[in-house]
Amino acid sequence: MELETLRHEVDIIDDKILELLIERNAKAAEIARCKAKDKVPVFDPSREDMILERMSENLTPKDKNSIKLLFEIVMDLNRLHEYEKRPKQFEAHTDLGGLSVRAVIKDTPRAICRYISPLAAADVSISDIRSQALPGGKLMVELELEGDLKDKSFAAAISVLADASSSFQLL
């Protein structure tokens with residue numbers, strides 16, 4: 001009986017979390033409209049770092065890692081939706097229907113996951129990822145992907161990666 005009671009309590013908490021996430025997404029959409037109108041870039045790493053720091057204050061190390069990861073995912077998805085509204089225009093001509101991307105990103109913990117994770121929300125197949133540490137705290141990532149650049153989610157995910165990179169090439 002105790003298990004069922006606890007599960008019911010978790011269900012109530014999940015409902016509250018869902019309600020708040022929907023409210024957060026609506027505010028994020030308003031912010032996206034303001035940024036588009038004012039021509040402010042979609043990706044603002046200093047703002048995201050500030051949010052992550054604020055969310056992880058006063059938490060135990062275990063909770064800090066999981067809460068930080070949760071908010072990274074939420075921000076990745078909000079950023080992807082924002083890019084879907086105004087994706088960059090990419091062209092890639094390949095015989096295989098896929099493309100290769102080379103990007104140099106800031107080498108931070110979980111950098112590949114943080115910047116590549118929007119691809120998971122798009123209709124894309126990642127066939128290969130290679131990475132190499134570079135001097136100056138940079139990470140070179142090479143991806144081989146298959147997807148349709150006409151698909152807004154795929155183009156948006158590529159845009160996220162392009163904006164997160166100090167160097168970005170479609171190969």
# chains A, B, ... in the order shown; residues from 1 in each chain; ligands from 1
>>> residues_around(residues="Lys150 of chain A", least_positions_apart="5", cutoff="10 Å", atoms="only C-alpha atoms", output="NGL selection string")
:A and (89-91 or 155)
>>> write_last_selection(atoms="C-alpha atoms", output="PDB file, in the first residue's frame")
ATOM      1  CA  GLN A  89      19.568  28.421 -44.582  1.00  0.00           C
ATOM      2  CA  PHE A  90      21.939  25.557 -45.297  1.00  0.00           C
ATOM      3  CA  GLU A  91      22.749  23.831 -48.529  1.00  0.00           C
ATOM      4  CA  ALA A 155      17.927  22.605 -39.986  1.00  0.00           C
TER       5      ALA A 155
END
>>> closest_residue(among="A:Ala103, A:Asn58, A:Glu142, A:Lys16", to="Ala162 of chain A", atoms="only C-alpha atoms")
A:Ala103
>>> closest_residue(among="A:Ser117, A:Asn78, A:Thr5, A:Ser100", to="Ile22 of chain A", atoms="only C-alpha atoms")
A:Asn78
>>> select_by_dssp(residues="chain A", states="strand (DSSP E)", output="PyMOL selection string")
chain A and resi 98-106+125-134+138-146+165-170
>>> write_last_selection(atoms="N, CA, C and O atoms", output="tab-separated table (two decimals), in the first residue's frame")
chain	number	residue	atom	x	y	z
A	98	GLY	N	23.28	12.44	-47.07
A	98	GLY	CA	23.68	12.86	-45.72
A	98	GLY	C	24.65	14.01	-45.82
A	98	GLY	O	24.89	14.55	-46.89
A	99	LEU	N	25.18	14.42	-44.70
A	99	LEU	CA	26.18	15.47	-44.73
A	99	LEU	C	27.12	15.26	-43.57
A	99	LEU	O	26.82	14.56	-42.62
A	100	SER	N	28.28	15.87	-43.68
A	100	SER	CA	29.24	15.84	-42.60
A	100	SER	C	29.41	17.26	-42.09
A	100	SER	O	29.37	18.22	-42.85
A	101	VAL	N	29.59	17.37	-40.80
A	101	VAL	CA	29.74	18.66	-40.14
A	101	VAL	C	31.02	18.61	-39.34
A	101	VAL	O	31.31	17.62	-38.67
A	102	ARG	N	31.77	19.70	-39.39
A	102	ARG	CA	32.94	19.84	-38.53
A	102	ARG	C	32.74	21.11	-37.73
A	102	ARG	O	32.48	22.16	-38.29
A	103	ALA	N	32.83	21.01	-36.42
A	103	ALA	CA	32.61	22.17	-35.55
A	103	ALA	C	33.66	22.18	-34.46
A	103	ALA	O	34.10	21.14	-34.00
A	104	VAL	N	34.06	23.37	-34.06
A	104	VAL	CA	34.94	23.55	-32.91
A	104	VAL	C	34.10	24.24	-31.85
A	104	VAL	O	33.61	25.35	-32.06
A	105	ILE	N	33.89	23.55	-30.74
A	105	ILE	CA	33.05	24.09	-29.67
A	105	ILE	C	33.86	24.22	-28.39
A	105	ILE	O	34.94	23.64	-28.25
A	106	LYS	N	33.33	25.02	-27.47
A	106	LYS	CA	33.97	25.19	-26.18
A	106	LYS	C	33.99	23.85	-25.47
A	106	LYS	O	32.98	23.16	-25.39
A	125	SER	N	19.78	10.83	-38.38
A	125	SER	CA	20.55	9.66	-38.01
A	125	SER	C	22.02	10.07	-37.95
A	125	SER	O	22.56	10.58	-38.93
A	126	ILE	N	22.64	9.90	-36.80
A	126	ILE	CA	24.06	10.21	-36.65
A	126	ILE	C	24.82	8.91	-36.83
A	126	ILE	O	24.68	7.98	-36.05
A	127	SER	N	25.60	8.86	-37.90
A	127	SER	CA	26.30	7.61	-38.18
A	127	SER	C	27.70	7.58	-37.58
A	127	SER	O	28.26	6.51	-37.37
A	128	ASP	N	28.27	8.75	-37.27
A	128	ASP	CA	29.62	8.75	-36.70
A	128	ASP	C	29.87	10.07	-36.00
A	128	ASP	O	29.47	11.12	-36.49
A	129	ILE	N	30.51	10.02	-34.85
A	129	ILE	CA	30.97	11.21	-34.14
A	129	ILE	C	32.43	10.97	-33.77
A	129	ILE	O	32.77	9.95	-33.19
A	130	ARG	N	33.27	11.92	-34.12
A	130	ARG	CA	34.67	11.89	-33.72
A	130	ARG	C	34.97	13.22	-33.04
A	130	ARG	O	34.49	14.26	-33.47
A	131	SER	N	35.76	13.17	-31.98
A	131	SER	CA	36.12	14.41	-31.32
A	131	SER	C	37.60	14.41	-30.98
A	131	SER	O	38.21	13.35	-30.85
A	132	GLN	N	38.14	15.61	-30.87
A	132	GLN	CA	39.56	15.75	-30.57
A	132	GLN	C	39.75	17.03	-29.77
A	132	GLN	O	39.22	18.09	-30.13
A	133	ALA	N	40.46	16.93	-28.65
A	133	ALA	CA	40.74	18.12	-27.84
A	133	ALA	C	41.74	19.00	-28.57
A	133	ALA	O	42.71	18.51	-29.16
A	134	LEU	N	41.49	20.29	-28.56
A	134	LEU	CA	42.37	21.27	-29.19
A	134	LEU	C	42.91	22.20	-28.11
A	134	LEU	O	42.31	22.33	-27.04
A	138	LYS	N	39.27	24.03	-26.48
A	138	LYS	CA	38.31	23.82	-27.57
A	138	LYS	C	38.24	22.33	-27.88
A	138	LYS	O	39.15	21.57	-27.60
A	139	LEU	N	37.15	21.96	-28.47
A	139	LEU	CA	36.91	20.57	-28.83
A	139	LEU	C	36.46	20.54	-30.29
A	139	LEU	O	35.51	21.22	-30.65
A	140	MET	N	37.19	19.80	-31.13
A	140	MET	CA	36.75	19.66	-32.51
A	140	MET	C	35.88	18.42	-32.61
A	140	MET	O	36.26	17.34	-32.15
A	141	VAL	N	34.70	18.58	-33.17
A	141	VAL	CA	33.75	17.49	-33.32
A	141	VAL	C	33.46	17.32	-34.80
A	141	VAL	O	33.20	18.29	-35.50
A	142	GLU	N	33.54	16.10	-35.28
A	142	GLU	CA	33.14	15.80	-36.65
A	142	GLU	C	31.98	14.82	-36.58
A	142	GLU	O	32.04	13.82	-35.89
A	143	LEU	N	30.92	15.15	-37.29
A	143	LEU	CA	29.71	14.34	-37.31
A	143	LEU	C	29.39	13.91	-38.72
A	143	LEU	O	29.58	14.69	-39.65
A	144	GLU	N	28.92	12.73	-38.87
A	144	GLU	CA	28.34	12.31	-40.14
A	144	GLU	C	26.87	12.05	-39.84
A	144	GLU	O	26.53	11.28	-38.96
A	145	LEU	N	26.00	12.77	-40.54
A	145	LEU	CA	24.58	12.69	-40.27
A	145	LEU	C	23.79	12.46	-41.54
A	145	LEU	O	24.25	12.77	-42.63
A	146	GLU	N	22.63	11.95	-41.35
A	146	GLU	CA	21.68	11.85	-42.45
A	146	GLU	C	20.39	12.50	-42.00
A	146	GLU	O	19.91	12.24	-40.91
A	165	SER	N	29.34	27.07	-32.08
A	165	SER	CA	30.70	26.78	-32.53
A	165	SER	C	31.46	28.04	-32.89
A	165	SER	O	30.90	28.98	-33.43
A	166	SER	N	32.75	28.02	-32.57
A	166	SER	CA	33.60	29.13	-33.02
A	166	SER	C	34.05	28.87	-34.45
A	166	SER	O	34.43	29.79	-35.17
A	167	SER	N	33.98	27.64	-34.89
A	167	SER	CA	34.28	27.27	-36.27
A	167	SER	C	33.29	26.19	-36.69
A	167	SER	O	33.07	25.24	-35.95
A	168	PHE	N	32.67	26.35	-37.83
A	168	PHE	CA	31.62	25.42	-38.26
A	168	PHE	C	31.68	25.26	-39.77
A	168	PHE	O	31.77	26.23	-40.49
A	169	GLN	N	31.68	24.02	-40.23
A	169	GLN	CA	31.70	23.76	-41.67
A	169	GLN	C	30.77	22.60	-42.01
A	169	GLN	O	30.73	21.60	-41.29
A	170	LEU	N	30.05	22.75	-43.09
A	170	LEU	CA	29.39	21.60	-43.70
A	170	LEU	C	30.39	21.07	-44.72
A	170	LEU	O	30.88	21.81	-45.54
>>> closest_residue(among="A:Phe43, A:Asp151, A:Asp76, A:Glu84", to="Ile116 of chain A", atoms="only C-alpha atoms")
A:Asp76
>>> residues_around(residues="Leu119 of chain A", least_positions_apart="2", cutoff="8 Å", atoms="only C-alpha atoms", output="ChimeraX atom specification")
/A:116-117,121-124,154,157-158
>>> residues_around(residues="Val42 of chain A", least_positions_apart="3", cutoff="9 Å", atoms="only C-alpha atoms", output="ChimeraX atom specification")
/A:32,35-36,39,79,82-83,160,163
>>> write_last_selection(atoms="N, CA and C atoms", output="short mmCIF file (atom, residue, chain, number, x, y, z; two decimals), in the first residue's frame")
data_model
loop_
_atom_site.label_atom_id
_atom_site.label_comp_id
_atom_site.auth_asym_id
_atom_site.auth_seq_id
_atom_site.Cartn_x
_atom_site.Cartn_y
_atom_site.Cartn_z
N ALA A 32 11.49 34.40 -27.36
CA ALA A 32 11.96 34.14 -28.73
C ALA A 32 11.41 35.19 -29.70
N LYS A 35 13.34 38.38 -29.12
CA LYS A 35 14.71 38.29 -29.66
C LYS A 35 14.70 38.38 -31.17
N ALA A 36 13.73 37.75 -31.82
CA ALA A 36 13.64 37.81 -33.28
C ALA A 36 13.36 39.24 -33.73
N LYS A 39 16.38 41.29 -33.27
CA LYS A 39 17.53 40.69 -33.94
C LYS A 39 18.63 40.29 -32.94
N ARG A 79 15.67 26.18 -27.24
CA ARG A 79 16.51 26.76 -28.29
C ARG A 79 16.17 26.13 -29.64
N GLU A 82 13.08 27.63 -30.93
CA GLU A 82 13.34 28.99 -31.39
C GLU A 82 14.01 28.98 -32.76
N TYR A 83 14.95 28.08 -32.95
CA TYR A 83 15.61 27.97 -34.26
C TYR A 83 14.64 27.48 -35.33
N VAL A 160 21.68 25.25 -34.21
CA VAL A 160 22.11 25.27 -32.82
C VAL A 160 23.60 24.98 -32.75
N ASP A 163 25.72 27.89 -34.16
CA ASP A 163 25.82 29.04 -33.26
C ASP A 163 26.67 28.75 -32.03
#
>>> atom_distance(atom1="atom CA of Glu23 of chain A", atom2="atom CA of Leu80 of chain A")
17.3 Å
>>> select_by_dssp(residues="segment 41-125 of chain A", states="alpha helix (DSSP H)", output="PyMOL selection string")
chain A and resi 45-56+61-85+111-116+118-121
>>> write_last_selection(atoms="C-alpha atoms", output="PDB file, in the first residue's frame")
ATOM      1  CA  PRO A  45      25.825  30.955 -23.524  1.00  0.00           C
ATOM      2  CA  SER A  46      26.405  33.457 -20.701  1.00  0.00           C
ATOM      3  CA  ARG A  47      22.643  33.594 -19.994  1.00  0.00           C
ATOM      4  CA  GLU A  48      22.400  29.804 -20.020  1.00  0.00           C
ATOM      5  CA  ASP A  49      25.414  29.496 -17.707  1.00  0.00           C
ATOM      6  CA  MET A  50      23.801  32.007 -15.342  1.00  0.00           C
ATOM      7  CA  ILE A  51      20.562  29.987 -15.289  1.00  0.00           C
ATOM      8  CA  LEU A  52      22.426  26.740 -14.646  1.00  0.00           C
ATOM      9  CA  GLU A  53      24.426  28.324 -11.834  1.00  0.00           C
ATOM     10  CA  ARG A  54      21.302  29.796 -10.232  1.00  0.00           C
ATOM     11  CA  MET A  55      19.425  26.480 -10.470  1.00  0.00           C
ATOM     12  CA  SER A  56      22.242  24.504  -8.893  1.00  0.00           C
ATOM     13  CA  PRO A  61      26.414  17.339  -5.552  1.00  0.00           C
ATOM     14  CA  LYS A  62      24.067  14.516  -6.619  1.00  0.00           C
ATOM     15  CA  ASP A  63      21.081  16.847  -6.989  1.00  0.00           C
ATOM     16  CA  LYS A  64      23.238  19.541  -8.582  1.00  0.00           C
ATOM     17  CA  ASN A  65      24.270  17.258 -11.459  1.00  0.00           C
ATOM     18  CA  SER A  66      20.779  15.973 -12.181  1.00  0.00           C
ATOM     19  CA  ILE A  67      19.087  19.397 -11.929  1.00  0.00           C
ATOM     20  CA  LYS A  68      21.769  20.951 -14.138  1.00  0.00           C
ATOM     21  CA  LEU A  69      21.298  18.201 -16.733  1.00  0.00           C
ATOM     22  CA  LEU A  70      17.519  18.633 -16.628  1.00  0.00           C
ATOM     23  CA  PHE A  71      17.768  22.381 -17.241  1.00  0.00           C
ATOM     24  CA  GLU A  72      20.333  21.866 -20.028  1.00  0.00           C
ATOM     25  CA  ILE A  73      17.815  19.608 -21.771  1.00  0.00           C
ATOM     26  CA  VAL A  74      14.955  22.077 -21.246  1.00  0.00           C
ATOM     27  CA  MET A  75      17.079  24.923 -22.663  1.00  0.00           C
ATOM     28  CA  ASP A  76      18.234  22.752 -25.589  1.00  0.00           C
ATOM     29  CA  LEU A  77      14.616  22.053 -26.506  1.00  0.00           C
ATOM     30  CA  ASN A  78      13.567  25.701 -26.122  1.00  0.00           C
ATOM     31  CA  ARG A  79      16.508  26.762 -28.291  1.00  0.00           C
ATOM     32  CA  LEU A  80      15.600  24.158 -30.904  1.00  0.00           C
ATOM     33  CA  HIS A  81      12.020  25.458 -31.062  1.00  0.00           C
ATOM     34  CA  GLU A  82      13.340  28.991 -31.388  1.00  0.00           C
ATOM     35  CA  TYR A  83      15.607  27.969 -34.257  1.00  0.00           C
ATOM     36  CA  GLU A  84      12.680  26.181 -35.920  1.00  0.00           C
ATOM     37  CA  LYS A  85      10.979  29.564 -36.145  1.00  0.00           C
ATOM     38  CA  ALA A 111      29.862  19.764 -24.360  1.00  0.00           C
ATOM     39  CA  ILE A 112      29.089  17.221 -27.062  1.00  0.00           C
ATOM     40  CA  CYS A 113      25.819  16.215 -25.387  1.00  0.00           C
ATOM     41  CA  ARG A 114      24.797  19.803 -24.716  1.00  0.00           C
ATOM     42  CA  TYR A 115      25.345  21.057 -28.241  1.00  0.00           C
ATOM     43  CA  ILE A 116      24.527  17.902 -30.149  1.00  0.00           C
ATOM     44  CA  PRO A 118      19.044  19.031 -30.242  1.00  0.00           C
ATOM     45  CA  LEU A 119      19.803  16.615 -33.085  1.00  0.00           C
ATOM     46  CA  ALA A 120      18.067  13.939 -31.044  1.00  0.00           C
ATOM     47  CA  ALA A 121      14.835  15.934 -31.285  1.00  0.00           C
TER      48      ALA A 121
END
